[in-house]
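Enquirer: My structure is stored as target.txt, with compact mmCIF, C-alpha atoms and all ligand atoms.
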```txt
# COMPACT_ATOMS: atom_id res chain seq x y z
CA MET A 1 0.00 0.00 0.00
CA LEU A 2 1.57 3.28 -1.17
CA ALA A 3 0.35 5.28 1.82
CA ASP A 4 1.90 2.75 4.16
CA ASP A 5 5.26 2.81 2.32
CA THR A 6 5.27 6.59 2.62
CA TYR A 7 4.31 6.51 6.27
CA ARG A 8 7.10 4.04 7.15
CA ALA A 9 9.68 5.99 5.16
CA VAL A 10 8.74 9.34 6.72
CA HIS A 11 8.76 7.97 10.26
CA ALA A 12 11.60 5.46 9.80
CA ALA A 13 9.25 2.92 11.32
CA ARG A 14 8.92 -0.82 10.98
CA PRO A 15 6.01 -2.93 12.18
CA LEU A 16 6.61 -5.13 15.22
CA ASP A 17 3.21 -6.76 15.45
CA VAL A 18 -0.36 -6.60 14.13
CA GLU A 19 -3.59 -7.63 15.87
CA HIS A 20 -1.65 -7.78 19.10
CA GLY A 21 -3.95 -9.17 21.77
CA PHE A 22 -3.62 -8.52 25.47
CA GLY A 23 -5.89 -10.31 27.90
CA LYS A 24 -7.22 -12.23 24.90
CA ASP A 25 -6.66 -15.80 23.71
CA GLY A 26 -3.59 -16.22 25.90
CA GLN A 27 -1.43 -13.91 23.68
CA SER A 28 -0.34 -11.72 26.55
CA PRO A 29 -1.85 -11.04 29.98
CA PRO A 30 -4.43 -8.34 30.64
CA LEU A 31 -3.10 -4.86 31.31
CA ALA A 32 -3.46 -4.39 35.07
CA LEU A 33 -3.57 -0.80 36.31
CA ASP A 34 -3.56 0.16 39.98
CA LEU A 35 -5.93 3.06 40.44
CA PRO A 36 -7.01 4.92 43.59
CA GLY A 37 -10.34 3.02 43.59
CA GLY A 38 -8.72 -0.40 43.06
CA GLN A 39 -7.05 -2.43 40.35
CA VAL A 40 -8.60 -2.81 36.90
CA GLU A 41 -7.63 -5.39 34.29
CA LEU A 42 -8.09 -4.46 30.65
CA ALA A 43 -8.07 -6.45 27.43
CA GLY A 44 -8.04 -5.62 23.75
CA TYR A 45 -6.46 -5.98 20.34
CA VAL A 46 -3.99 -3.43 19.01
CA ASP A 47 -4.21 -3.16 15.23
CA ARG A 48 -0.53 -2.40 14.75
CA ILE A 49 2.60 -1.59 16.74
CA ASP A 50 5.66 -0.05 15.04
CA ARG A 51 9.09 0.83 16.33
CA THR A 52 10.86 3.85 14.88
CA VAL A 53 14.57 4.12 14.30
CA THR A 54 14.89 6.15 17.52
CA GLY A 55 13.30 3.34 19.58
CA GLU A 56 9.92 5.00 19.96
CA LEU A 57 6.84 2.76 19.86
CA VAL A 58 3.96 3.90 17.66
CA VAL A 59 0.53 2.35 18.06
CA ILE A 60 -2.00 2.54 15.24
CA ASP A 61 -5.73 1.89 15.42
CA TYR A 62 -7.27 1.70 11.93
CA LYS A 63 -10.62 3.38 11.32
CA THR A 64 -12.95 3.26 8.34
CA GLY A 65 -15.06 6.23 9.48
CA ARG A 66 -14.44 9.91 8.79
CA SER A 67 -11.61 11.64 10.59
CA ALA A 68 -13.90 14.66 11.11
CA ASN A 69 -15.73 12.62 13.75
CA TYR A 70 -12.48 12.52 15.73
CA TYR A 71 -11.91 16.26 15.85
CA ALA A 72 -10.92 16.01 19.54
CA PHE A 73 -7.70 14.28 18.46
CA PRO A 74 -5.04 16.51 16.87
CA PRO A 75 -3.87 15.68 13.33
CA GLU A 76 -0.46 14.03 13.31
CA GLY A 77 2.32 16.61 13.31
CA THR A 78 0.25 19.10 15.32
CA ASP A 79 1.53 20.12 18.71
CA THR A 80 -0.53 18.91 21.66
CA ASP A 81 -1.01 21.04 24.76
CA ALA A 82 -2.47 20.82 28.24
CA ALA A 83 -5.99 20.97 26.79
CA THR A 84 -5.47 17.90 24.58
CA ASP A 85 -7.46 14.96 25.91
CA LEU A 86 -6.57 11.71 24.14
CA THR A 87 -9.47 9.97 25.90
CA GLU A 88 -12.08 12.42 24.53
CA GLN A 89 -13.66 12.84 27.97
CA GLY A 90 -13.67 9.12 28.52
CA ARG A 91 -15.41 8.33 25.24
CA ARG A 92 -12.47 6.80 23.36
CA LEU A 93 -9.77 5.15 25.43
CA GLN A 94 -7.98 3.06 22.81
CA LEU A 95 -4.93 5.24 22.10
CA PRO A 96 -3.47 5.61 25.60
CA LEU A 97 -4.65 2.16 26.62
CA TYR A 98 -3.09 0.40 23.61
CA ALA A 99 0.11 2.42 23.98
CA LEU A 100 0.55 1.25 27.57
CA ALA A 101 -0.03 -2.36 26.49
CA ALA A 102 2.54 -1.92 23.68
CA ARG A 103 5.09 -0.52 26.09
CA ARG A 104 4.60 -3.37 28.51
CA ASP A 105 4.98 -6.01 25.79
CA PHE A 106 7.62 -4.41 23.52
CA GLY A 107 9.39 -1.68 25.49
CA PHE A 108 10.71 -0.49 28.81
CA ALA A 109 9.38 1.91 31.44
CA ALA A 110 11.03 4.87 29.70
CA THR A 111 10.17 3.93 26.09
CA PRO A 112 8.58 6.94 24.36
CA LEU A 113 5.10 6.29 23.00
CA ARG A 114 2.87 7.72 20.33
CA ALA A 115 -0.57 6.54 19.28
CA TYR A 116 -2.83 7.39 16.36
CA TYR A 117 -6.13 6.60 14.74
CA TRP A 118 -5.45 6.07 11.02
CA PHE A 119 -8.41 6.85 8.73
CA VAL A 120 -7.68 4.49 5.85
CA ASP A 121 -10.21 5.97 3.42
CA GLU A 122 -8.42 9.32 3.57
CA GLY A 123 -4.84 8.30 2.73
CA ILE A 124 -2.25 9.14 5.37
CA ALA A 125 -4.71 10.73 7.78
CA LEU A 126 -3.65 10.15 11.36
CA ARG A 127 -4.96 11.73 14.54
CA GLY A 128 -3.54 11.33 18.01
CA GLY A 129 -0.24 12.22 19.64
CA SER A 130 2.35 11.41 22.27
CA ILE A 131 1.34 9.28 25.18
CA ASP A 132 3.45 11.12 27.68
CA GLU A 133 3.15 11.25 31.47
CA ALA A 134 0.20 13.65 31.31
CA ALA A 135 -1.67 11.49 28.78
CA GLU A 136 -1.07 8.37 30.86
CA GLN A 137 -2.28 10.14 34.01
CA ARG A 138 -5.39 11.33 32.16
CA LEU A 139 -6.18 7.73 31.18
CA ARG A 140 -5.73 6.61 34.78
CA ASP A 141 -7.97 9.40 36.11
CA VAL A 142 -10.68 8.67 33.55
CA LEU A 143 -10.55 4.92 34.17
CA ASP A 144 -10.78 5.49 37.90
CA VAL A 145 -13.97 7.54 37.50
CA ILE A 146 -15.53 4.95 35.21
CA ALA A 147 -14.47 1.87 37.20
CA SER A 148 -15.42 3.43 40.55
CA GLY A 149 -18.81 4.38 39.11
CA ILE A 150 -19.40 0.82 37.93
CA ARG A 151 -18.32 -0.59 41.30
CA ASP A 152 -20.67 1.82 43.12
CA GLY A 153 -23.59 1.16 40.76
CA ALA A 154 -23.50 4.74 39.44
CA PHE A 155 -22.63 4.53 35.78
CA PRO A 156 -25.60 6.02 33.93
CA ALA A 157 -26.34 5.69 30.22
CA ARG A 158 -25.38 8.88 28.35
CA PRO A 159 -27.10 8.78 24.95
CA GLY A 160 -25.72 12.06 23.59
CA ASP A 161 -27.53 14.43 21.23
CA TYR A 162 -30.63 13.29 19.36
CA SER A 163 -30.40 13.36 15.58
CA ALA A 164 -33.61 13.69 13.57
CA TRP A 165 -31.72 12.36 10.54
CA SER A 166 -30.74 9.04 12.13
CA ARG A 167 -33.71 9.07 14.50
CA SER A 168 -31.39 8.06 17.26
CA PHE A 169 -28.95 9.42 19.79
CA ALA A 170 -25.29 10.03 18.98
CA ASN A 171 -23.94 7.35 21.33
CA CYS A 172 -26.64 4.78 20.53
CA GLN A 173 -26.51 4.51 16.74
CA TRP A 174 -24.55 1.25 16.67
CA CYS A 175 -26.12 -0.30 19.75
CA ASP A 176 -28.24 -3.43 19.27
CA PHE A 177 -30.71 -2.13 21.85
CA ASP A 178 -31.36 1.18 20.13
CA ARG A 179 -34.88 0.26 19.02
CA VAL A 180 -35.96 -1.13 22.37
CA CYS A 181 -34.27 1.35 24.68
CA SER A 182 -36.51 4.08 26.11
CA GLN A 183 -37.12 7.11 23.90
CA ASN A 184 -36.91 9.14 27.10
CA ARG A 185 -33.25 8.25 27.58
CA GLY A 186 -32.16 11.81 26.78
CA LYS A 187 -34.40 13.31 29.47
CA LEU A 188 -33.39 10.58 31.89
CA TRP A 189 -29.72 11.45 31.42
CA LEU A 190 -30.44 15.11 32.12
CA ARG A 191 -32.08 14.15 35.43
CA VAL A 192 -29.28 11.77 36.35
CA HIS A 193 -26.67 14.35 35.35
CA ALA A 194 -27.79 16.55 38.23
CA SER A 195 -27.69 13.82 40.86
CA PRO A 196 -24.77 13.89 43.34
CA ARG A 197 -24.07 10.17 42.90
CA ALA A 198 -23.49 10.59 39.17
CA GLN A 199 -21.36 13.72 39.60
CA PRO A 200 -17.90 12.20 39.00
CA TYR A 201 -19.02 10.64 35.71
CA ALA A 202 -21.17 13.60 34.68
CA ALA A 203 -18.29 16.01 35.31
CA LEU A 204 -16.04 13.84 33.16
CA ALA A 205 -18.38 13.19 30.27
CA GLU A 206 -20.47 16.33 30.09
CA PRO A 207 -19.22 19.04 32.41
CA ALA A 208 -21.72 21.76 33.15
CA PRO A 209 -20.79 25.21 31.78
CA GLY A 210 -18.03 26.68 33.93
CA GLN A 211 -16.74 23.27 35.03
CA PRO A 212 -13.17 22.43 33.93
S1 LIG B 301 -29.51 2.29 23.10
FE1 LIG B 301 -29.69 2.16 25.33
S2 LIG B 301 -28.27 0.51 25.90
FE2 LIG B 301 -27.72 1.16 23.82
S3 LIG B 301 -26.13 2.70 24.12
FE3 LIG B 301 -28.08 3.80 24.00
S4 LIG B 301 -28.73 4.04 26.14
FE4 LIG B 301 -27.13 2.43 26.11
```
Give the structure from the file, written as structure tokens.
Ligand code: SF4

Expert:
Amino acid sequence: MLADDTYRAVHAARPLDVEHGFGKDGQSPPLALDLPGGQVELAGYVDRIDRTVTGELVVIDYKTGRSANYYAFPPEGTDTDAATDLTEQGRRLQLPLYALAARRDFGFAATPLRAYYWFVDEGIALRGGSIDEAAEQRLRDVLDVIASGIRDGAFPARPGDYSAWSRSFANCQWCDFDRVCSQNRGKLWLRVHASPRAQPYAALAEPAPGQP
């Protein structure tokens, strides 16, 4: 694939593994993270892991959708800053999560990491960035909110905006239960959003105006 040849030449990268499973089919163990609320074990498949000539590990997650839907992730080559959130408020955890699994299985504690979504229908269109200390800490903070919420029984459904075009909610379009789930789910989320028990998750996923 021409785009891939170009990508590897530009980044001096060579693939180490594809479809790398962790916590799956005995390939490698789950990724265990110790968080303030307790340990979580995570599993997944990493589409591709490269190593560059400088020893950096680069994780790639292929996507067939439009890159415009991933506007929260900076285009490759763009500087990231303190406002960059490579978890998209807890909505998409793959990049930092896969990068940590890649480092455990192919690197050392100090191995530099980068991770990107690659939108294959758009040529060399990558979005993501460095998984540095701040990005790793953000993943840990987000996971702690989500896992603690699940443990405490406070992890409400957040359907997102309703679209008249798709006749569904943004976060429900690919869910098998979309047609049977309550049509009031949007209103229900708004009520739950205000409840103290749901505050940690609500503040993460949909902060009220004025919240950080
Ligand atoms: S349709 Fe219901 S179960 Fe599926 S994602 Fe939406 S709220 Fe959750």

Enquirer: Hey, what's within 12 Å of region 136-146 of chain A if we count only C-alpha atoms and toss same-chain stuff fewer than 6 positions away? As a ChimeraX atom specification, please?

Expert: /A:32-42,82-101,103,112-115,129-130,152-157,197-205

Enquirer: Give the residue list for ligand LIG 301 (chain B) at 10 Å, counting all atoms listed in the file, as a list in words, sorted by chain and then by residue number.

Expert: Pro156, Ala157, Arg158, Pro159, Gly160, Ser168, Phe169, Ala170, Asn171, Cys172, Gln173, Trp174, Cys175, Asp176, Phe177, Asp178, Arg179, Val180, Cys181, Ser182, Gln183, Asn184, Arg185, Gly186, Leu188 and Trp189 of chain A

Enquirer: Tell me which protein, DNA and RNA residues are within 6 Å of Gly128 (chain A), counting all atoms listed in the file, leaving out same-chain ones fewer than 6 positions away, and put them as a PDB file with C-alpha atoms, keeping the file's coordinate frame.

Expert:
```
ATOM      1  CA  PHE A  73      -7.700  14.280  18.460  1.00  0.00           C
ATOM      2  CA  PRO A  74      -5.040  16.510  16.870  1.00  0.00           C
ATOM      3  CA  ALA A 115      -0.570   6.540  19.280  1.00  0.00           C
ATOM      4  CA  TYR A 116      -2.830   7.390  16.360  1.00  0.00           C
TER       5      TYR A 116
END
```

Enquirer: When you draw a straight line from CA of Gly123 (chain A) to CA of Tyr7 (chain A), how long is it in Å?

Expert: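 Calculated distance between CA of Gly123 (chain A) and CA of Tyr7 (chain A) is 10.0 Å.
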